[in-house]
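Pasting target21.pdb here (PDB, C-alpha atoms):
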```pdb
ATOM      1  CA  MET A   1     101.853 103.790 119.057  1.00  0.00           C
ATOM      2  CA  LYS A   2      98.292 105.143 118.916  1.00  0.00           C
ATOM      3  CA  ARG A   3      95.927 102.190 118.602  1.00  0.00           C
ATOM      4  CA  ILE A   4      92.525 102.614 116.958  1.00  0.00           C
ATOM      5  CA  LYS A   5      89.706 100.147 117.543  1.00  0.00           C
ATOM      6  CA  VAL A   6      87.687  99.560 114.355  1.00  0.00           C
ATOM      7  CA  ILE A   7      84.363  97.884 115.140  1.00  0.00           C
ATOM      8  CA  VAL A   8      82.760  95.687 112.463  1.00  0.00           C
ATOM      9  CA  PRO A   9      78.983  95.720 113.167  1.00  0.00           C
ATOM     10  CA  ILE A  10      78.301  92.183 111.913  1.00  0.00           C
ATOM     11  CA  ALA A  11      79.522  88.987 113.598  1.00  0.00           C
ATOM     12  CA  MET A  12      81.935  87.138 111.286  1.00  0.00           C
ATOM     13  CA  ASP A  13      85.034  84.940 111.202  1.00  0.00           C
ATOM     14  CA  GLU A  14      88.654  86.086 110.927  1.00  0.00           C
ATOM     15  CA  ALA A  15      88.620  85.865 107.131  1.00  0.00           C
ATOM     16  CA  GLY A  16      85.636  88.190 106.940  1.00  0.00           C
ATOM     17  CA  VAL A  17      87.274  90.677 109.289  1.00  0.00           C
ATOM     18  CA  ALA A  18      90.461  90.533 107.198  1.00  0.00           C
ATOM     19  CA  ASN A  19      88.472  91.442 104.075  1.00  0.00           C
ATOM     20  CA  ARG A  20      87.054  94.473 105.875  1.00  0.00           C
ATOM     21  CA  ALA A  21      90.540  95.475 107.063  1.00  0.00           C
ATOM     22  CA  GLN A  22      91.803  95.671 103.463  1.00  0.00           C
ATOM     23  CA  GLN A  23      90.185  99.094 103.169  1.00  0.00           C
ATOM     24  CA  LEU A  24      93.081 100.424 105.301  1.00  0.00           C
ATOM     25  CA  PRO A  25      96.286  99.092 103.670  1.00  0.00           C
ATOM     26  CA  ASP A  26      99.553  99.533 105.551  1.00  0.00           C
ATOM     27  CA  ASP A  27     100.775 102.415 103.367  1.00  0.00           C
ATOM     28  CA  PHE A  28      97.498 104.280 103.976  1.00  0.00           C
ATOM     29  CA  VAL A  29      97.913 104.292 107.759  1.00  0.00           C
ATOM     30  CA  ARG A  30      99.981 107.158 109.104  1.00  0.00           C
ATOM     31  CA  PRO A  31     103.181 106.182 110.979  1.00  0.00           C
ATOM     32  CA  GLY A  32     102.510 105.922 114.695  1.00  0.00           C
ATOM     33  CA  PHE A  33      98.963 104.594 114.276  1.00  0.00           C
ATOM     34  CA  ALA A  34      97.712 101.018 114.422  1.00  0.00           C
ATOM     35  CA  PRO A  35      94.086 100.216 113.498  1.00  0.00           C
ATOM     36  CA  THR A  36      92.742  96.922 114.818  1.00  0.00           C
ATOM     37  CA  PHE A  37      89.552  95.512 113.296  1.00  0.00           C
ATOM     38  CA  GLU A  38      87.249  93.616 115.645  1.00  0.00           C
ATOM     39  CA  ALA A  39      83.829  92.172 114.801  1.00  0.00           C
ATOM     40  CA  VAL A  40      80.952  92.205 117.246  1.00  0.00           C
ATOM     41  CA  ARG A  41      80.342  88.818 118.850  1.00  0.00           C
ATOM     42  CA  TRP A  42      76.660  88.521 117.935  1.00  0.00           C
ATOM     43  CA  GLY A  43      73.813  90.522 116.465  1.00  0.00           C
ATOM     44  CA  ALA A  44      72.623  91.678 113.058  1.00  0.00           C
ATOM     45  CA  ALA A  45      73.164  89.846 109.783  1.00  0.00           C
ATOM     46  CA  LEU A  46      72.715  92.421 107.000  1.00  0.00           C
ATOM     47  CA  GLY A  47      71.573  95.763 108.422  1.00  0.00           C
ATOM     48  CA  ASP A  48      68.512  95.451 106.214  1.00  0.00           C
ATOM     49  CA  SER A  49      65.788  96.294 108.749  1.00  0.00           C
ATOM     50  CA  TYR A  50      65.003  98.275 111.879  1.00  0.00           C
ATOM     51  CA  HIS A  51      65.421  94.973 113.728  1.00  0.00           C
ATOM     52  CA  ASP A  52      69.034  94.837 112.537  1.00  0.00           C
ATOM     53  CA  THR A  53      69.744  98.502 113.173  1.00  0.00           C
ATOM     54  CA  LEU A  54      68.704  98.087 116.790  1.00  0.00           C
ATOM     55  CA  LEU A  55      71.058  95.120 117.162  1.00  0.00           C
ATOM     56  CA  MET A  56      73.885  97.004 115.448  1.00  0.00           C
ATOM     57  CA  ASP A  57      73.525  99.975 117.791  1.00  0.00           C
ATOM     58  CA  TRP A  58      73.622  97.732 120.841  1.00  0.00           C
ATOM     59  CA  THR A  59      76.417  95.338 119.793  1.00  0.00           C
ATOM     60  CA  VAL A  60      78.677  98.133 118.504  1.00  0.00           C
ATOM     61  CA  PHE A  61      78.160  99.912 121.819  1.00  0.00           C
ATOM     62  CA  GLN A  62      79.056  96.697 123.653  1.00  0.00           C
ATOM     63  CA  ALA A  63      82.229  96.273 121.599  1.00  0.00           C
ATOM     64  CA  GLY A  64      83.330  99.882 121.975  1.00  0.00           C
ATOM     65  CA  VAL A  65      82.465 100.733 125.563  1.00  0.00           C
ATOM     66  CA  THR A  66      85.720  99.260 126.924  1.00  0.00           C
ATOM     67  CA  ALA A  67      88.009 100.795 124.275  1.00  0.00           C
ATOM     68  CA  GLU A  68      89.303 103.608 126.470  1.00  0.00           C
ATOM     69  CA  ASP A  69      90.101 101.223 129.330  1.00  0.00           C
ATOM     70  CA  GLU A  70      91.888  98.986 126.836  1.00  0.00           C
ATOM     71  CA  GLY A  71      94.254 101.809 125.898  1.00  0.00           C
ATOM     72  CA  TYR A  72      92.878 102.741 122.491  1.00  0.00           C
ATOM     73  CA  ALA A  73      93.344 106.313 121.295  1.00  0.00           C
ATOM     74  CA  GLY A  74      90.108 106.331 119.288  1.00  0.00           C
ATOM     75  CA  VAL A  75      87.212 104.268 117.963  1.00  0.00           C
ATOM     76  CA  LEU A  76      86.119 103.913 114.343  1.00  0.00           C
ATOM     77  CA  ILE A  77      82.737 102.363 113.518  1.00  0.00           C
ATOM     78  CA  ASP A  78      82.915 100.306 110.327  1.00  0.00           C
ATOM     79  CA  THR A  79      79.476 101.137 108.925  1.00  0.00           C
ATOM     80  CA  VAL A  80      77.927 104.166 107.220  1.00  0.00           C
ATOM     81  CA  SER A  81      74.931 103.723 109.518  1.00  0.00           C
ATOM     82  CA  ASP A  82      77.128 105.121 112.347  1.00  0.00           C
ATOM     83  CA  SER A  83      75.663 102.463 114.632  1.00  0.00           C
ATOM     84  CA  GLY A  84      76.247 103.202 118.313  1.00  0.00           C
ATOM     85  CA  LEU A  85      78.093 106.443 117.531  1.00  0.00           C
ATOM     86  CA  TRP A  86      76.338 108.877 119.847  1.00  0.00           C
ATOM     87  CA  PRO A  87      75.948 106.405 122.749  1.00  0.00           C
ATOM     88  CA  LEU A  88      79.684 105.642 122.604  1.00  0.00           C
ATOM     89  CA  ARG A  89      80.489 109.333 122.623  1.00  0.00           C
ATOM     90  CA  SER A  90      78.416 109.678 125.775  1.00  0.00           C
ATOM     91  CA  VAL A  91      80.566 107.187 127.699  1.00  0.00           C
ATOM     92  CA  LEU A  92      84.017 107.658 126.136  1.00  0.00           C
ATOM     93  CA  SER A  93      86.416 110.584 126.254  1.00  0.00           C
ATOM     94  CA  ILE A  94      88.505 109.378 123.301  1.00  0.00           C
ATOM     95  CA  PRO A  95      87.223 110.415 119.855  1.00  0.00           C
ATOM     96  CA  VAL A  96      84.652 108.183 118.145  1.00  0.00           C
ATOM     97  CA  VAL A  97      84.066 108.587 114.402  1.00  0.00           C
ATOM     98  CA  GLY A  98      81.428 107.120 112.089  1.00  0.00           C
ATOM     99  CA  PRO A  99      81.768 106.890 108.278  1.00  0.00           C
ATOM    100  CA  GLY A 100      78.278 108.280 107.629  1.00  0.00           C
ATOM    101  CA  GLU A 101      78.827 111.566 109.421  1.00  0.00           C
ATOM    102  CA  ALA A 102      82.447 111.869 108.253  1.00  0.00           C
ATOM    103  CA  SER A 103      81.824 111.072 104.581  1.00  0.00           C
ATOM    104  CA  PHE A 104      78.700 113.220 104.239  1.00  0.00           C
ATOM    105  CA  ALA A 105      80.519 116.148 105.880  1.00  0.00           C
ATOM    106  CA  ALA A 106      83.450 115.659 103.501  1.00  0.00           C
ATOM    107  CA  ALA A 107      81.092 115.509 100.522  1.00  0.00           C
ATOM    108  CA  MET A 108      79.593 118.860 101.489  1.00  0.00           C
ATOM    109  CA  THR A 109      83.053 120.454 101.522  1.00  0.00           C
ATOM    110  CA  LEU A 110      83.797 119.122  98.024  1.00  0.00           C
ATOM    111  CA  GLY A 111      80.541 120.012  96.291  1.00  0.00           C
ATOM    112  CA  LYS A 112      77.066 121.481  96.606  1.00  0.00           C
ATOM    113  CA  LYS A 113      75.051 118.251  96.334  1.00  0.00           C
ATOM    114  CA  PHE A 114      76.068 114.642  96.871  1.00  0.00           C
ATOM    115  CA  SER A 115      74.432 111.323  96.067  1.00  0.00           C
ATOM    116  CA  VAL A 116      74.772 108.038  97.925  1.00  0.00           C
ATOM    117  CA  VAL A 117      75.196 105.009  95.676  1.00  0.00           C
ATOM    118  CA  THR A 118      74.685 101.725  97.450  1.00  0.00           C
ATOM    119  CA  MET A 119      74.052  98.012  96.968  1.00  0.00           C
ATOM    120  CA  TRP A 120      70.336  97.629  97.680  1.00  0.00           C
ATOM    121  CA  PRO A 121      67.348  99.740  98.793  1.00  0.00           C
ATOM    122  CA  GLN A 122      67.097  97.921 102.135  1.00  0.00           C
ATOM    123  CA  TRP A 123      69.973 100.132 103.287  1.00  0.00           C
ATOM    124  CA  PHE A 124      68.216 103.432 102.477  1.00  0.00           C
ATOM    125  CA  PRO A 125      66.920 103.924 106.071  1.00  0.00           C
ATOM    126  CA  LEU A 126      70.518 103.840 107.324  1.00  0.00           C
ATOM    127  CA  TYR A 127      71.384 106.941 105.320  1.00  0.00           C
ATOM    128  CA  GLU A 128      68.078 108.643 106.082  1.00  0.00           C
ATOM    129  CA  LYS A 129      68.837 108.259 109.789  1.00  0.00           C
ATOM    130  CA  VAL A 130      72.227 109.958 109.536  1.00  0.00           C
ATOM    131  CA  LEU A 131      71.027 112.675 107.162  1.00  0.00           C
ATOM    132  CA  ASN A 132      67.978 113.519 109.284  1.00  0.00           C
ATOM    133  CA  GLN A 133      69.981 113.397 112.507  1.00  0.00           C
ATOM    134  CA  HIS A 134      72.240 116.174 111.219  1.00  0.00           C
ATOM    135  CA  GLY A 135      69.711 118.066 109.108  1.00  0.00           C
ATOM    136  CA  TRP A 136      71.718 117.405 105.952  1.00  0.00           C
ATOM    137  CA  ASP A 137      68.986 115.878 103.785  1.00  0.00           C
ATOM    138  CA  HIS A 138      68.727 119.089 101.711  1.00  0.00           C
ATOM    139  CA  ARG A 139      72.340 118.591 100.570  1.00  0.00           C
ATOM    140  CA  CYS A 140      71.696 115.032  99.393  1.00  0.00           C
ATOM    141  CA  ALA A 141      70.670 114.960  95.725  1.00  0.00           C
ATOM    142  CA  SER A 142      69.603 111.308  95.835  1.00  0.00           C
ATOM    143  CA  VAL A 143      70.130 107.852  97.232  1.00  0.00           C
ATOM    144  CA  ARG A 144      70.433 105.184  94.540  1.00  0.00           C
ATOM    145  CA  SER A 145      71.037 101.439  94.594  1.00  0.00           C
ATOM    146  CA  ILE A 146      72.059  98.751  92.120  1.00  0.00           C
ATOM    147  CA  ASP A 147      69.495  96.403  93.729  1.00  0.00           C
ATOM    148  CA  THR A 148      72.088  93.709  94.431  1.00  0.00           C
ATOM    149  CA  ARG A 149      72.138  91.738  97.682  1.00  0.00           C
ATOM    150  CA  PRO A 150      75.407  92.543  99.505  1.00  0.00           C
ATOM    151  CA  ASP A 151      77.890  90.068 100.922  1.00  0.00           C
ATOM    152  CA  VAL A 152      79.167  91.634 104.141  1.00  0.00           C
ATOM    153  CA  THR A 153      82.055  89.172 104.543  1.00  0.00           C
ATOM    154  CA  GLU A 154      83.299  88.394 100.999  1.00  0.00           C
ATOM    155  CA  LEU A 155      82.391  91.964  99.912  1.00  0.00           C
ATOM    156  CA  LEU A 156      82.704  92.481  96.139  1.00  0.00           C
ATOM    157  CA  GLU A 157      85.374  89.850  95.533  1.00  0.00           C
ATOM    158  CA  GLY A 158      84.681  87.817  92.401  1.00  0.00           C
ATOM    159  CA  LYS A 159      81.816  90.099  91.401  1.00  0.00           C
ATOM    160  CA  GLU A 160      83.817  93.119  90.260  1.00  0.00           C
ATOM    161  CA  GLU A 161      83.067  92.929  86.540  1.00  0.00           C
ATOM    162  CA  VAL A 162      79.300  93.038  87.019  1.00  0.00           C
ATOM    163  CA  VAL A 163      78.998  95.130  90.179  1.00  0.00           C
ATOM    164  CA  PHE A 164      81.474  97.846  89.169  1.00  0.00           C
ATOM    165  CA  ALA A 165      79.618  98.465  85.896  1.00  0.00           C
ATOM    166  CA  LYS A 166      76.294  98.704  87.741  1.00  0.00           C
ATOM    167  CA  LEU A 167      77.734 101.150  90.269  1.00  0.00           C
ATOM    168  CA  LYS A 168      79.193 103.310  87.495  1.00  0.00           C
ATOM    169  CA  ALA A 169      75.857 103.383  85.660  1.00  0.00           C
ATOM    170  CA  GLU A 170      73.894 104.337  88.783  1.00  0.00           C
ATOM    171  CA  ALA A 171      76.437 106.982  89.817  1.00  0.00           C
ATOM    172  CA  THR A 172      76.297 108.457  86.310  1.00  0.00           C
ATOM    173  CA  ARG A 173      72.514 108.749  86.608  1.00  0.00           C
ATOM    174  CA  ALA A 174      72.923 110.472  89.964  1.00  0.00           C
ATOM    175  CA  ILE A 175      75.253 113.015  88.368  1.00  0.00           C
ATOM    176  CA  GLU A 176      73.321 113.587  85.142  1.00  0.00           C
ATOM    177  CA  GLU A 177      69.723 113.261  86.358  1.00  0.00           C
ATOM    178  CA  ASP A 178      69.838 114.196  90.048  1.00  0.00           C
ATOM    179  CA  GLY A 179      72.467 116.934  89.993  1.00  0.00           C
ATOM    180  CA  ALA A 180      75.048 115.268  92.242  1.00  0.00           C
ATOM    181  CA  ASP A 181      78.536 116.717  92.110  1.00  0.00           C
ATOM    182  CA  VAL A 182      80.006 114.257  94.629  1.00  0.00           C
ATOM    183  CA  ILE A 183      79.373 110.512  94.974  1.00  0.00           C
ATOM    184  CA  VAL A 184      79.493 108.776  98.357  1.00  0.00           C
ATOM    185  CA  LEU A 185      79.731 104.999  98.452  1.00  0.00           C
ATOM    186  CA  GLY A 186      76.935 103.707 100.657  1.00  0.00           C
ATOM    187  CA  SER A 187      78.936 101.143 102.600  1.00  0.00           C
ATOM    188  CA  THR A 188      82.446 100.474 103.820  1.00  0.00           C
ATOM    189  CA  THR A 189      81.919  97.009 102.290  1.00  0.00           C
ATOM    190  CA  MET A 190      82.060  98.670  98.863  1.00  0.00           C
ATOM    191  CA  HIS A 191      85.627  99.931  99.257  1.00  0.00           C
ATOM    192  CA  GLN A 192      86.934  97.633  96.517  1.00  0.00           C
ATOM    193  CA  SER A 193      85.040  99.709  93.937  1.00  0.00           C
ATOM    194  CA  ALA A 194      86.324 103.119  95.051  1.00  0.00           C
ATOM    195  CA  ALA A 195      89.456 103.353  92.895  1.00  0.00           C
ATOM    196  CA  TYR A 196      87.626 102.123  89.784  1.00  0.00           C
ATOM    197  CA  LEU A 197      84.788 104.616  90.182  1.00  0.00           C
ATOM    198  CA  ALA A 198      87.155 107.483  90.955  1.00  0.00           C
ATOM    199  CA  GLY A 199      88.879 106.823  87.627  1.00  0.00           C
ATOM    200  CA  GLU A 200      85.623 106.542  85.675  1.00  0.00           C
ATOM    201  CA  LEU A 201      83.469 109.380  87.029  1.00  0.00           C
ATOM    202  CA  PRO A 202      83.871 113.148  86.500  1.00  0.00           C
ATOM    203  CA  VAL A 203      83.249 114.003  90.171  1.00  0.00           C
ATOM    204  CA  PRO A 204      84.911 113.098  93.497  1.00  0.00           C
ATOM    205  CA  VAL A 205      84.124 109.628  94.869  1.00  0.00           C
ATOM    206  CA  ILE A 206      84.200 109.242  98.636  1.00  0.00           C
ATOM    207  CA  ASN A 207      85.292 105.948 100.145  1.00  0.00           C
ATOM    208  CA  PRO A 208      83.593 106.291 103.557  1.00  0.00           C
ATOM    209  CA  GLY A 209      85.799 103.989 105.612  1.00  0.00           C
ATOM    210  CA  GLN A 210      88.976 105.711 104.490  1.00  0.00           C
ATOM    211  CA  VAL A 211      87.591 109.224 104.940  1.00  0.00           C
ATOM    212  CA  ALA A 212      86.374 108.375 108.438  1.00  0.00           C
ATOM    213  CA  TYR A 213      89.683 106.765 109.385  1.00  0.00           C
ATOM    214  CA  LYS A 214      91.703 109.791 108.259  1.00  0.00           C
ATOM    215  CA  SER A 215      89.295 112.069 110.130  1.00  0.00           C
ATOM    216  CA  LEU A 216      89.969 110.076 113.286  1.00  0.00           C
ATOM    217  CA  GLU A 217      93.740 110.166 112.813  1.00  0.00           C
ATOM    218  CA  THR A 218      93.548 113.945 112.429  1.00  0.00           C
ATOM    219  CA  LEU A 219      91.430 114.404 115.556  1.00  0.00           C
ATOM    220  CA  ILE A 220      93.870 112.303 117.572  1.00  0.00           C
ATOM    221  CA  GLU A 221      96.884 114.232 116.267  1.00  0.00           C
ATOM    222  CA  LEU A 222      95.209 117.551 117.051  1.00  0.00           C
ATOM    223  CA  GLY A 223      94.246 116.403 120.540  1.00  0.00           C
ATOM    224  CA  LEU A 224      90.552 116.935 119.792  1.00  0.00           C
ATOM    225  CA  THR A 225      87.565 114.861 120.823  1.00  0.00           C
ATOM    226  CA  HIS A 226      83.792 115.244 120.950  1.00  0.00           C
ATOM    227  CA  SER A 227      82.140 117.827 123.190  1.00  0.00           C
ATOM    228  CA  LYS A 228      80.799 116.494 126.448  1.00  0.00           C
ATOM    229  CA  LYS A 229      78.229 119.272 126.369  1.00  0.00           C
ATOM    230  CA  ALA A 230      76.871 117.747 123.169  1.00  0.00           C
ATOM    231  CA  PHE A 231      77.315 114.157 124.369  1.00  0.00           C
ATOM    232  CA  PRO A 232      76.999 114.249 128.186  1.00  0.00           C
ATOM    233  CA  ALA A 233      77.921 111.263 130.290  1.00  0.00           C
ATOM    234  CA  PRO A 234      75.036 109.433 132.002  1.00  0.00           C
ATOM    235  CA  GLU A 235      74.406 110.366 135.610  1.00  0.00           C
ATOM    236  CA  VAL A 236      73.860 106.673 136.386  1.00  0.00           C
ATOM    237  CA  PRO A 237      76.353 104.791 134.161  1.00  0.00           C
ATOM    238  CA  MET A 238      74.725 101.395 133.711  1.00  0.00           C
ATOM    239  CA  HIS A 239      77.160 100.503 130.934  1.00  0.00           C
ATOM    240  CA  VAL A 240      79.685  99.457 133.589  1.00  0.00           C
ATOM    241  CA  ASN A 241      77.708  96.207 133.798  1.00  0.00           C
ATOM    242  CA  ILE A 242      78.887  95.325 130.282  1.00  0.00           C
ATOM    243  CA  ARG A 243      82.424  95.075 131.628  1.00  0.00           C
ATOM    244  CA  LYS A 244      81.151  92.561 134.172  1.00  0.00           C
ATOM    245  CA  GLY A 245      79.560  90.451 131.465  1.00  0.00           C
ATOM    246  CA  TRP A 246      75.974  91.369 132.333  1.00  0.00           C
ATOM    247  CA  TYR A 247      74.422  91.574 128.877  1.00  0.00           C
TER
END
```

Mind turning the file's structure into structure tokens?
Amino acid sequence: MKRIKVIVPIAMDEAGVANRAQQLPDDFVRPGFAPTFEAVRWGAALGDSYHDTLLMDWTVFQAGVTAEDEGYAGVLIDTVSDSGLWPLRSVLSIPVVGPGEASFAAAMTLGKKFSVVTMWPQWFPLYEKVLNQHGWDHRCASVRSIDTRPDVTELLEGKEEVVFAKLKAEATRAIEEDGADVIVLGSTTMHQSAAYLAGELPVPVINPGQVAYKSLETLIELGLTHSKKAFPAPEVPMHVNIRKGWY
């Protein structure tokens, strides 16, 4: 059994983690794989500021740095911000995948321009970071929000009727006004809306958590992982102190 560690970047209880895990139902996971969702123990609350993005980078790194020693075959970061992605690649040999990089790359194989549709504008810097990091901003038609405060534990439960309609309206504007031919959901916390939007919109809709997970499964099956030339290990590996509990 190939175990995959899925790191939730916000501290939350078991019920909140279970809601996040619903994005990978049992029949979606390939036989021989076992994803395990684990929330960070402390840190950011909403990812709505550079304060929170710093905490997300650090706490995701803390949660993932021991994954290889724990016997995991890969690490999946449960946020489109790809928090801690490159630092984890620098210290791990097993593949590490982030939904931002994976979903934007998939969008560019499915169309010429994609738009990100998200919950609120406070998350825009998260996408700008990933797009600028890879030089992909010219392939992004727009980033749009429904200006609705997210709930990172309950997700969209109980709010479907209102939120789904808002997401459809904003995605339609991205297609008709901005020229998007692919829509990327701006958060793994929005996975409950993916099937609805895919049935309502005339272009592909990318559910980032699922796309990233399948990318990781494929890398593991192919025996591929990130290049250590691109992500070299530190000469003085101070991260070993995390294992000792020195935070």

Please identify all polymer residues lying at most 12 Å from the point (66.1, 94.4, 100.0) (file coordinates), using only C-alpha atoms, and present the result as a PyMOL selection string. chain A and resi 46-49+118-125+145-150

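Relative to CA of Asn207 in chain A, CA of Pro25 in chain A is found at 13.4 Å.
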
Which residues match the PyMOL selection byres ((chain A and resi 74) around 7) in the file above, as a PyMOL selection string? chain A and resi 4-5+72-73+75-76+94-96

Once the PyMOL selection byres ((chain A and resi 77) around 8) is applied to the coordinates I shared, what remains selected? I want it as number ranges by chain. A: 6-9, 60, 75-76, 78-79, 82-83, 85, 96-99

Considering all atoms listed in the file, return as a PyMOL selection string whatever protein or nucleic-acid residues lie within 12 Å of Ala165 in chain A, sequence-local ones (same chain, fewer than 6 positions apart) excluded. chain A and resi 146+159+171-172+193+196-197+200-201

Which of these residues is nearest to Tyr213 in chain A, using all atoms listed in the file: A:Thr53, A:Phe231, A:Gly71, A:Ala102? A:Ala102

Any chance you could resolve the PyMOL selection byres ((chain A and resi 143) around 9) against this file and give the residues as a PyMOL selection string? chain A and resi 115-118+121+124+127+140-142+144-145+174+186

Surrounding residues of Gly100 in chain A excluding itself and chain neighbours under 3 positions, 9 Å, all atoms listed in the file, as an MDAnalysis selection string: chainID A and resid 79:82 97 103:105 126:127 130:131 186:187 208:209 212

Would you kindly place N, CA, C and O atoms on range 38-53 of chain A and return the model as a tab-separated table (two decimals), in the coordinates of the input?
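Wrote rebuild-v4.tsv, looks like this:
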```tsv
chain	number	residue	atom	x	y	z
A	38	GLU	N	87.85	94.60	114.76
A	38	GLU	CA	87.25	93.62	115.64
A	38	GLU	C	85.75	93.54	115.35
A	38	GLU	O	85.06	94.56	115.37
A	39	ALA	N	85.25	92.35	115.07
A	39	ALA	CA	83.83	92.17	114.80
A	39	ALA	C	83.06	92.00	116.10
A	39	ALA	O	83.59	91.48	117.09
A	40	VAL	N	81.82	92.45	116.10
A	40	VAL	CA	80.95	92.20	117.25
A	40	VAL	C	80.77	90.70	117.39
A	40	VAL	O	80.91	89.94	116.43
A	41	ARG	N	80.42	90.26	118.58
A	41	ARG	CA	80.34	88.82	118.85
A	41	ARG	C	79.00	88.20	118.45
A	41	ARG	O	78.88	86.99	118.31
A	42	TRP	N	77.99	89.02	118.29
A	42	TRP	CA	76.66	88.52	117.94
A	42	TRP	C	75.87	89.69	117.37
A	42	TRP	O	76.34	90.82	117.38
A	43	GLY	N	74.67	89.41	116.87
A	43	GLY	CA	73.81	90.52	116.46
A	43	GLY	C	73.25	90.43	115.07
A	43	GLY	O	72.82	89.37	114.62
A	44	ALA	N	73.27	91.55	114.36
A	44	ALA	CA	72.62	91.68	113.06
A	44	ALA	C	73.34	90.86	111.98
A	44	ALA	O	74.52	90.54	112.11
A	45	ALA	N	72.60	90.60	110.90
A	45	ALA	CA	73.16	89.85	109.78
A	45	ALA	C	73.46	90.72	108.57
A	45	ALA	O	74.51	90.58	107.95
A	46	LEU	N	72.56	91.65	108.23
A	46	LEU	CA	72.72	92.42	107.00
A	46	LEU	C	72.45	93.92	107.15
A	46	LEU	O	72.69	94.68	106.22
A	47	GLY	N	71.91	94.35	108.28
A	47	GLY	CA	71.57	95.76	108.42
A	47	GLY	C	70.43	96.17	107.52
A	47	GLY	O	70.33	97.33	107.12
A	48	ASP	N	69.54	95.22	107.21
A	48	ASP	CA	68.51	95.45	106.21
A	48	ASP	C	67.15	95.80	106.79
A	48	ASP	O	66.15	95.81	106.07
A	49	SER	N	67.08	96.07	108.11
A	49	SER	CA	65.79	96.29	108.75
A	49	SER	C	66.00	97.07	110.05
A	49	SER	O	67.11	97.17	110.56
A	50	TYR	N	64.90	97.58	110.59
A	50	TYR	CA	65.00	98.28	111.88
A	50	TYR	C	65.35	97.29	112.99
A	50	TYR	O	65.97	97.66	113.99
A	51	HIS	N	64.98	96.03	112.82
A	51	HIS	CA	65.42	94.97	113.73
A	51	HIS	C	66.95	94.93	113.78
A	51	HIS	O	67.57	94.92	114.84
A	52	ASP	N	67.58	94.92	112.60
A	52	ASP	CA	69.03	94.84	112.54
A	52	ASP	C	69.71	96.12	113.02
A	52	ASP	O	70.77	96.07	113.64
A	53	THR	N	69.11	97.26	112.73
A	53	THR	CA	69.74	98.50	113.17
A	53	THR	C	69.76	98.62	114.69
A	53	THR	O	70.72	99.14	115.27
```
